[in-house]
Structures are given as structure tokens and as C-alpha cells.
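Peer 1: My file is work-v9.cif. It has mmCIF, C-alpha atoms:
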data_final
#
loop_
_atom_site.label_atom_id
_atom_site.label_comp_id
_atom_site.auth_asym_id
_atom_site.auth_seq_id
_atom_site.Cartn_x
_atom_site.Cartn_y
_atom_site.Cartn_z
CA MET A 1 46.11 -2.76 -17.78
CA LYS A 2 45.47 -5.99 -19.68
CA LYS A 3 43.73 -7.39 -16.60
CA LYS A 4 41.40 -4.36 -16.35
CA PHE A 5 40.63 -4.58 -20.08
CA ALA A 6 39.80 -8.31 -19.77
CA ILE A 7 37.47 -7.66 -16.82
CA LEU A 8 35.77 -4.77 -18.65
CA THR A 9 35.35 -6.91 -21.77
CA ALA A 10 33.85 -9.74 -19.70
CA ILE A 11 31.38 -7.37 -18.00
CA LEU A 12 30.33 -5.82 -21.31
CA GLY A 13 29.98 -9.27 -22.86
CA LEU A 14 27.72 -10.40 -20.04
CA SER A 15 25.66 -7.22 -20.34
CA PHE A 16 25.12 -7.69 -24.06
CA HIS A 17 24.52 -11.41 -23.63
CA SER A 18 21.87 -10.83 -20.94
CA CYS A 19 20.12 -8.15 -23.02
CA ASP A 20 18.66 -10.53 -25.57
CA THR A 21 15.78 -8.30 -26.68
CA LYS A 22 13.98 -11.07 -28.55
CA LYS A 23 13.93 -13.17 -25.40
CA ILE A 24 12.76 -10.21 -23.30
CA ASP A 25 10.05 -9.33 -25.88
CA LYS A 26 8.87 -12.94 -25.84
CA GLU A 27 8.73 -12.97 -22.02
CA ILE A 28 6.84 -9.65 -21.94
CA SER A 29 4.40 -10.90 -24.58
CA SER A 30 3.84 -14.09 -22.58
CA GLU A 31 3.18 -12.08 -19.39
CA ILE A 32 0.75 -9.77 -21.22
CA ASN A 33 -1.16 -12.76 -22.62
CA SER A 34 -1.28 -14.34 -19.17
CA LEU A 35 -2.59 -11.11 -17.66
CA LYS A 36 -5.12 -10.72 -20.49
CA ASP A 37 -6.38 -14.27 -19.83
CA SER A 38 -6.74 -13.69 -16.10
CA LEU A 39 -8.63 -10.43 -16.67
CA LYS A 40 -10.85 -12.00 -19.37
CA ILE A 41 -9.93 -9.31 -21.92
CA VAL A 42 -11.29 -10.27 -25.33
CA THR A 43 -9.70 -9.21 -28.60
CA PRO A 44 -11.39 -9.71 -31.99
CA ASN A 45 -9.30 -12.84 -32.59
CA ASP A 46 -10.46 -14.27 -29.24
CA SER A 47 -14.19 -13.70 -29.76
CA LEU A 48 -14.94 -17.23 -31.01
CA LYS A 49 -12.84 -18.77 -28.24
CA GLN A 50 -14.62 -16.63 -25.63
CA LEU A 51 -18.05 -17.72 -26.85
CA SER A 52 -17.20 -21.33 -26.08
CA GLN A 53 -16.36 -20.34 -22.52
CA ASN A 54 -19.82 -18.90 -21.86
CA GLU A 55 -21.68 -22.19 -22.08
CA PHE A 56 -21.05 -25.88 -21.55
CA SER A 57 -20.78 -28.35 -24.41
CA ASN A 58 -23.15 -31.31 -24.75
CA ILE A 59 -20.29 -33.61 -23.73
CA THR A 60 -20.04 -31.69 -20.45
CA LEU A 61 -23.79 -31.44 -19.89
CA ASN A 62 -24.43 -35.13 -20.59
CA LYS A 63 -21.62 -36.40 -18.35
CA GLU A 64 -23.02 -38.73 -15.70
CA MET A 65 -21.93 -38.38 -12.08
CA THR A 66 -22.85 -40.02 -8.78
CA ASP A 67 -24.54 -38.14 -5.95
CA ILE A 68 -23.85 -38.73 -2.26
CA LYS A 69 -26.62 -41.37 -2.08
CA GLY A 70 -25.23 -43.35 -5.01
CA ASN A 71 -27.74 -42.13 -7.62
CA LYS A 72 -26.57 -41.36 -11.16
CA ILE A 73 -27.24 -37.83 -12.42
CA THR A 74 -26.10 -35.83 -15.43
CA PHE A 75 -24.27 -32.55 -15.08
CA ARG A 76 -27.18 -30.93 -16.97
CA SER A 77 -29.59 -32.16 -14.24
CA ILE A 78 -27.29 -30.82 -11.53
CA LEU A 79 -27.40 -27.37 -13.13
CA GLU A 80 -31.18 -27.57 -13.60
CA LYS A 81 -31.56 -28.49 -9.93
CA HIS A 82 -30.09 -25.08 -9.04
CA LYS A 83 -31.74 -23.10 -11.86
CA GLY A 84 -32.32 -19.46 -10.97
CA LYS A 85 -29.42 -19.38 -8.50
CA THR A 86 -25.80 -18.41 -8.86
CA ILE A 87 -23.84 -21.68 -8.91
CA VAL A 88 -20.23 -22.02 -7.84
CA LEU A 89 -18.52 -25.23 -8.94
CA ASP A 90 -15.53 -26.60 -7.08
CA ILE A 91 -13.78 -29.39 -8.98
CA TRP A 92 -11.47 -31.06 -6.49
CA ALA A 93 -10.04 -34.30 -5.03
CA SER A 94 -9.03 -35.40 -1.55
CA TRP A 95 -5.48 -36.17 -2.76
CA CYS A 96 -4.99 -32.56 -3.95
CA PRO A 97 -3.06 -30.39 -1.45
CA ASP A 98 -4.09 -27.13 -3.16
CA CYS A 99 -7.75 -28.18 -2.92
CA ILE A 100 -7.44 -28.80 0.81
CA LYS A 101 -5.50 -25.58 1.31
CA GLY A 102 -8.35 -23.66 -0.39
CA PHE A 103 -11.17 -25.03 1.79
CA PRO A 104 -10.97 -22.40 4.60
CA ALA A 105 -11.23 -19.47 2.15
CA TYR A 106 -13.95 -21.26 0.17
CA THR A 107 -15.93 -21.93 3.37
CA GLN A 108 -15.67 -18.24 4.22
CA ILE A 109 -17.12 -17.36 0.80
CA GLN A 110 -20.00 -19.76 1.50
CA LYS A 111 -20.72 -17.94 4.77
CA GLU A 112 -20.64 -14.52 3.07
CA TYR A 113 -22.90 -15.61 0.19
CA PRO A 114 -25.29 -18.23 1.61
CA LYS A 115 -27.86 -17.98 -1.21
CA VAL A 116 -25.36 -19.28 -3.79
CA ALA A 117 -25.55 -22.97 -4.74
CA TYR A 118 -22.17 -24.59 -4.01
CA VAL A 119 -21.57 -27.70 -6.11
CA TYR A 120 -18.56 -29.93 -5.54
CA ILE A 121 -17.38 -32.37 -8.21
CA SER A 122 -14.80 -34.81 -6.92
CA LEU A 123 -12.21 -36.53 -9.09
CA ASP A 124 -11.18 -38.88 -6.28
CA LYS A 125 -9.89 -42.33 -7.12
CA THR A 126 -12.60 -44.02 -5.04
CA GLU A 127 -16.03 -43.09 -3.70
CA ASP A 128 -14.86 -44.01 -0.17
CA LYS A 129 -12.03 -41.44 -0.27
CA TRP A 130 -14.48 -38.85 -1.62
CA LYS A 131 -17.02 -39.41 1.16
CA GLU A 132 -14.34 -39.52 3.88
CA ALA A 133 -12.97 -36.15 2.72
CA ILE A 134 -16.42 -34.51 2.76
CA LYS A 135 -16.78 -35.49 6.43
CA LYS A 136 -13.17 -34.79 7.38
CA TYR A 137 -13.17 -31.25 5.95
CA ASN A 138 -16.84 -30.54 6.77
CA LEU A 139 -17.73 -29.34 3.28
CA PRO A 140 -21.24 -27.87 3.05
CA GLY A 141 -22.82 -28.01 -0.39
CA ASP A 142 -24.06 -30.34 -3.10
CA HIS A 143 -21.59 -33.21 -3.71
CA TYR A 144 -20.97 -35.35 -6.79
CA TYR A 145 -18.40 -37.95 -7.71
CA LEU A 146 -16.96 -38.27 -11.20
CA GLN A 147 -15.00 -41.43 -11.82
CA GLU A 148 -12.54 -39.81 -14.22
CA SER A 149 -9.11 -38.28 -14.13
CA MET A 150 -8.47 -34.63 -14.91
CA LYS A 151 -7.65 -35.65 -18.49
CA GLY A 152 -10.91 -37.59 -18.89
CA GLU A 153 -13.75 -36.60 -21.18
CA PHE A 154 -15.29 -34.12 -18.71
CA GLY A 155 -11.92 -32.56 -17.92
CA GLN A 156 -11.06 -32.14 -21.59
CA SER A 157 -14.48 -30.62 -22.28
CA ILE A 158 -13.82 -27.79 -19.81
CA LYS A 159 -10.05 -27.57 -20.47
CA LEU A 160 -9.26 -28.77 -16.96
CA ASP A 161 -5.53 -28.43 -16.33
CA TRP A 162 -5.41 -27.85 -12.57
CA ILE A 163 -7.46 -28.47 -9.47
CA PRO A 164 -9.00 -26.96 -7.56
CA ARG A 165 -10.91 -25.42 -10.44
CA TYR A 166 -13.67 -23.01 -9.58
CA MET A 167 -16.34 -21.92 -12.05
CA ILE A 168 -19.30 -19.58 -11.62
CA ILE A 169 -22.60 -19.95 -13.46
CA ASP A 170 -25.01 -17.01 -13.28
CA LYS A 171 -28.76 -17.22 -12.59
CA GLU A 172 -29.50 -17.46 -16.33
CA GLY A 173 -27.19 -20.47 -16.73
CA THR A 174 -24.33 -18.66 -18.45
CA ILE A 175 -20.75 -19.23 -17.32
CA ALA A 176 -19.72 -16.00 -15.60
CA ASN A 177 -16.25 -17.15 -14.52
CA TYR A 178 -14.69 -19.93 -16.58
CA LYS A 179 -11.49 -20.61 -14.70
CA THR A 180 -10.18 -19.79 -11.26
CA THR A 181 -7.75 -21.97 -9.30
CA ILE A 182 -7.47 -19.97 -6.06
CA ALA A 183 -10.50 -19.33 -3.84
CA THR A 184 -9.11 -15.95 -2.76
CA ASP A 185 -8.83 -14.69 -6.37
CA THR A 186 -10.22 -11.14 -6.50
CA LEU A 187 -11.99 -11.57 -9.84
CA PHE A 188 -13.63 -14.78 -8.59
CA ILE A 189 -14.90 -13.14 -5.39
CA ASN A 190 -16.00 -9.97 -7.18
CA THR A 191 -17.94 -12.02 -9.73
CA ILE A 192 -19.89 -13.73 -6.94
CA LYS A 193 -20.44 -10.38 -5.23
CA HIS A 194 -21.70 -8.80 -8.46
CA LEU A 195 -24.08 -11.68 -9.21
CA GLU A 196 -25.48 -11.65 -5.66
CA LYS A 197 -26.28 -7.89 -5.50
#
Can you dump the structure from the file as C-alpha cells?
Peer 2:
Amino acid sequence: MKKKFAILTAILGLSFHSCDTKKIDKEISSEINSLKDSLKIVTPNDSLKQLSQNEFSNITLNKEMTDIKGNKITFRSILEKHKGKTIVLDIWASWCPDCIKGFPAYTQIQKEYPKVAYVYISLDKTEDKWKEAIKKYNLPGDHYYLQESMKGEFGQSIKLDWIPRYMIIDKEGTIANYKTTIATDTLFINTIKHLEK
């Protein structure tokens, strides 16, 4: 009888121990916030934060990059070059396995929406690695090299915390999709589809 009581007590103790409601509430709250962020749901407290995600800062726009021919160009000029078109940015690097893994799906999107301007910004360590990867993976689009790490000035200005990082700019120059990290993301694809109607 004592053995059965000890086992029952242990089971009940584990049940109560694993039902830490504060911990569960915190986890649920975290999941809801994550879902809210991915769906771009804006609450009154988020309105100021959301405004900053609709346009690029001057730091971002004035950042100088290198084109495939070795010419220096600002990010602002890159956007102006494609003015009036939907622009999809792909911030990537040849050393990034997730970037490489996303190329087939991204290439398929390019085939489905050929009128979109596809702009690649590479964070490779060297220009040689960047150019080799463009050829190796046969990446159609407009290519630029940024000699910075993810935590550099440009990366900080767009809150870059992962690559690949996809962004969509609409035909008026407003950011329509601030952050996507998977080319097959439904919201990402639907945003392109909506802008290209």
C-alpha cells in the first residue's frame, strides 16, 4: 500500500509540477506575438513601429554598394532604377546554406512573375565569392555586393537578423513585405501576386 501511495504521490507531483500556468501563459503569449508578427497584425501600440517598416531610413537609402561591373551605387539609386515596378529584394551570401536551399523556389517565383524586378544584395566576404555564386547558381536578376556583415550599418538599419531575407517594395516605393526568410512563405508569395494583378 505504501508503494502505491508513493507512486501516486510522485505522479501527482509531476502533474502539478508540469502544469506551471505562468510558464504556459508566457509560452502562449510568445506564440501569439510571433503569429501576430508573421501576419503583420498591428495593434495601437505597434502603430509607430509599423510606420518605420513601410519605408527605408536615410542610412539604408544612402548605403553604397557595388554592382556586377564594379561601379559604386547607392541603395536609393538601385530603387530608383526600378521605379514603377514591384521590387523583390533577396539579401543573401554564398556561404549561407538556407540562401542556397531557397534558390529553386525563388527562381520559380521569378518565372511566375517575370515583370517584377529581382534585386540581390550579397553579404559575401569577397567579391570573387559573390560573382562565383551568381554563375554557379545561375541567378537571374540585378546583383549588388555590400561589403558588410549582417550586423553592419545596413543590416542594423533594416533589423537584419537572418539570411536569406526577402523584402517586397511596391510600385509606389513603399515596403509591402518587410521580412520574410523563406521563399515559399505564403504571405510573401501572395503579396507578390496581389501587387502584380
Peer 1: Between A:Phe188, A:Phe103, A:Tyr178, A:Tyr113, single out the one closest to Ile134 in chain A, counting only C-alpha atoms.
Peer 2: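 Closest to Ile134 in chain A, using only C-alpha atoms: A:Phe103.
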Peer 1: Let me know the residues the PyMOL selection byres ((chain A and resi 157-160) around 12) catches in the file above, as a ChimeraX atom specification.
Peer 2: /A:52-63,90-92,123,148-156,161-167,175,178-181
Peer 1: Store the residues picked out above, limited to C-alpha atoms, as an mmCIF file, keeping the file's coordinate frame.
Peer 2:
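Result file part_32.cif:
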data_model
loop_
_atom_site.group_PDB
_atom_site.id
_atom_site.type_symbol
_atom_site.label_atom_id
_atom_site.label_comp_id
_atom_site.auth_asym_id
_atom_site.auth_seq_id
_atom_site.Cartn_x
_atom_site.Cartn_y
_atom_site.Cartn_z
ATOM 1 C CA SER A 52 -17.200 -21.330 -26.080
ATOM 2 C CA GLN A 53 -16.360 -20.340 -22.520
ATOM 3 C CA ASN A 54 -19.820 -18.900 -21.860
ATOM 4 C CA GLU A 55 -21.680 -22.190 -22.080
ATOM 5 C CA PHE A 56 -21.050 -25.880 -21.550
ATOM 6 C CA SER A 57 -20.780 -28.350 -24.410
ATOM 7 C CA ASN A 58 -23.150 -31.310 -24.750
ATOM 8 C CA ILE A 59 -20.290 -33.610 -23.730
ATOM 9 C CA THR A 60 -20.040 -31.690 -20.450
ATOM 10 C CA LEU A 61 -23.790 -31.440 -19.890
ATOM 11 C CA ASN A 62 -24.430 -35.130 -20.590
ATOM 12 C CA LYS A 63 -21.620 -36.400 -18.350
ATOM 13 C CA ASP A 90 -15.530 -26.600 -7.080
ATOM 14 C CA ILE A 91 -13.780 -29.390 -8.980
ATOM 15 C CA TRP A 92 -11.470 -31.060 -6.490
ATOM 16 C CA LEU A 123 -12.210 -36.530 -9.090
ATOM 17 C CA GLU A 148 -12.540 -39.810 -14.220
ATOM 18 C CA SER A 149 -9.110 -38.280 -14.130
ATOM 19 C CA MET A 150 -8.470 -34.630 -14.910
ATOM 20 C CA LYS A 151 -7.650 -35.650 -18.490
ATOM 21 C CA GLY A 152 -10.910 -37.590 -18.890
ATOM 22 C CA GLU A 153 -13.750 -36.600 -21.180
ATOM 23 C CA PHE A 154 -15.290 -34.120 -18.710
ATOM 24 C CA GLY A 155 -11.920 -32.560 -17.920
ATOM 25 C CA GLN A 156 -11.060 -32.140 -21.590
ATOM 26 C CA ASP A 161 -5.530 -28.430 -16.330
ATOM 27 C CA TRP A 162 -5.410 -27.850 -12.570
ATOM 28 C CA ILE A 163 -7.460 -28.470 -9.470
ATOM 29 C CA PRO A 164 -9.000 -26.960 -7.560
ATOM 30 C CA ARG A 165 -10.910 -25.420 -10.440
ATOM 31 C CA TYR A 166 -13.670 -23.010 -9.580
ATOM 32 C CA MET A 167 -16.340 -21.920 -12.050
ATOM 33 C CA ILE A 175 -20.750 -19.230 -17.320
ATOM 34 C CA TYR A 178 -14.690 -19.930 -16.580
ATOM 35 C CA LYS A 179 -11.490 -20.610 -14.700
ATOM 36 C CA THR A 180 -10.180 -19.790 -11.260
ATOM 37 C CA THR A 181 -7.750 -21.970 -9.300
#
Peer 1: With only C-alpha atoms as the basis for distance, which of A:Lys171, A:Lys131, A:Ile182, A:Tyr106 is at the shortest distance from His194 in chain A?
Peer 2: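 Smallest separation from His194 in chain A among the options: A:Lys171.
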Peer 1: Might you spell out which residues the PyMOL selection byres ((chain A and resi 139) around 12) would select in the displayed file, as number ranges by chain?
Peer 2: A: 90, 92, 94, 99-100, 102-108, 110-111, 118-122, 130-138, 140-143
Peer 1: Ranking A:His82, A:Lys69, A:Lys101, A:Lys115 by minimum distance to Glu127 in chain A and counting only C-alpha atoms, which one comes first?
Peer 2: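 Checking each candidate against Glu127 in chain A, we get A:Lys69 as the closest.
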Peer 1: Emit as AutoDock Vina command-line options the padded axis-aligned box for all listed atoms of range 123-138 of chain A, 5 Å per side, with centre and edge lengths in Å to one decimal.
Peer 2:
--center_x -13.5 --center_y -37.3 --center_z -0.9 --size_x 17.1 --size_y 23.5 --size_z 26.5
Peer 1: Just how far from CA of Asp185 in chain A is CA of Arg76 in chain A, in Å to one decimal?
Peer 2: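 Computing the Euclidean distance for CA of Arg76 in chain A and CA of Asp185 in chain A yields 26.7 Å.
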Peer 1: Find, counting all atoms listed in the file, the residue in A:Lys83, A:Thr184, A:Lys193, A:Gly70 that gets nearest to Asp128 in chain A.
Peer 2: A:Gly70
Peer 1: Rank nothing, just name the residue among A:Thr66, A:Ile168, A:Ile73, A:Glu80 nearest to Asp124 in chain A, using all atoms listed in the file.
Peer 2: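 The closest residue to Asp124 in chain A is A:Thr66.
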Peer 1: Rank A:Trp95, A:Ile87, A:Val116, A:Tyr144 by their smallest atom-to-atom distance to Thr74 in chain A, using all atoms listed in the file, and report the top residue only.
Peer 2: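 Residue with the minimum atom-to-atom distance to Thr74 in chain A: A:Tyr144.
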Peer 1: To one decimal place in Å, what is the distance between CA of Val88 in chain A and CA of Met65 in chain A?
Peer 2: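 Value for the CA of Val88 in chain A-CA of Met65 in chain A distance: 17.0 Å.
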Peer 1: Please indicate the distance in Å from CA of Ile78 in chain A to CA of Pro114 in chain A, rounded to one decimal place.
Peer 2: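 Here the two named atoms are 18.3 Å from each other.
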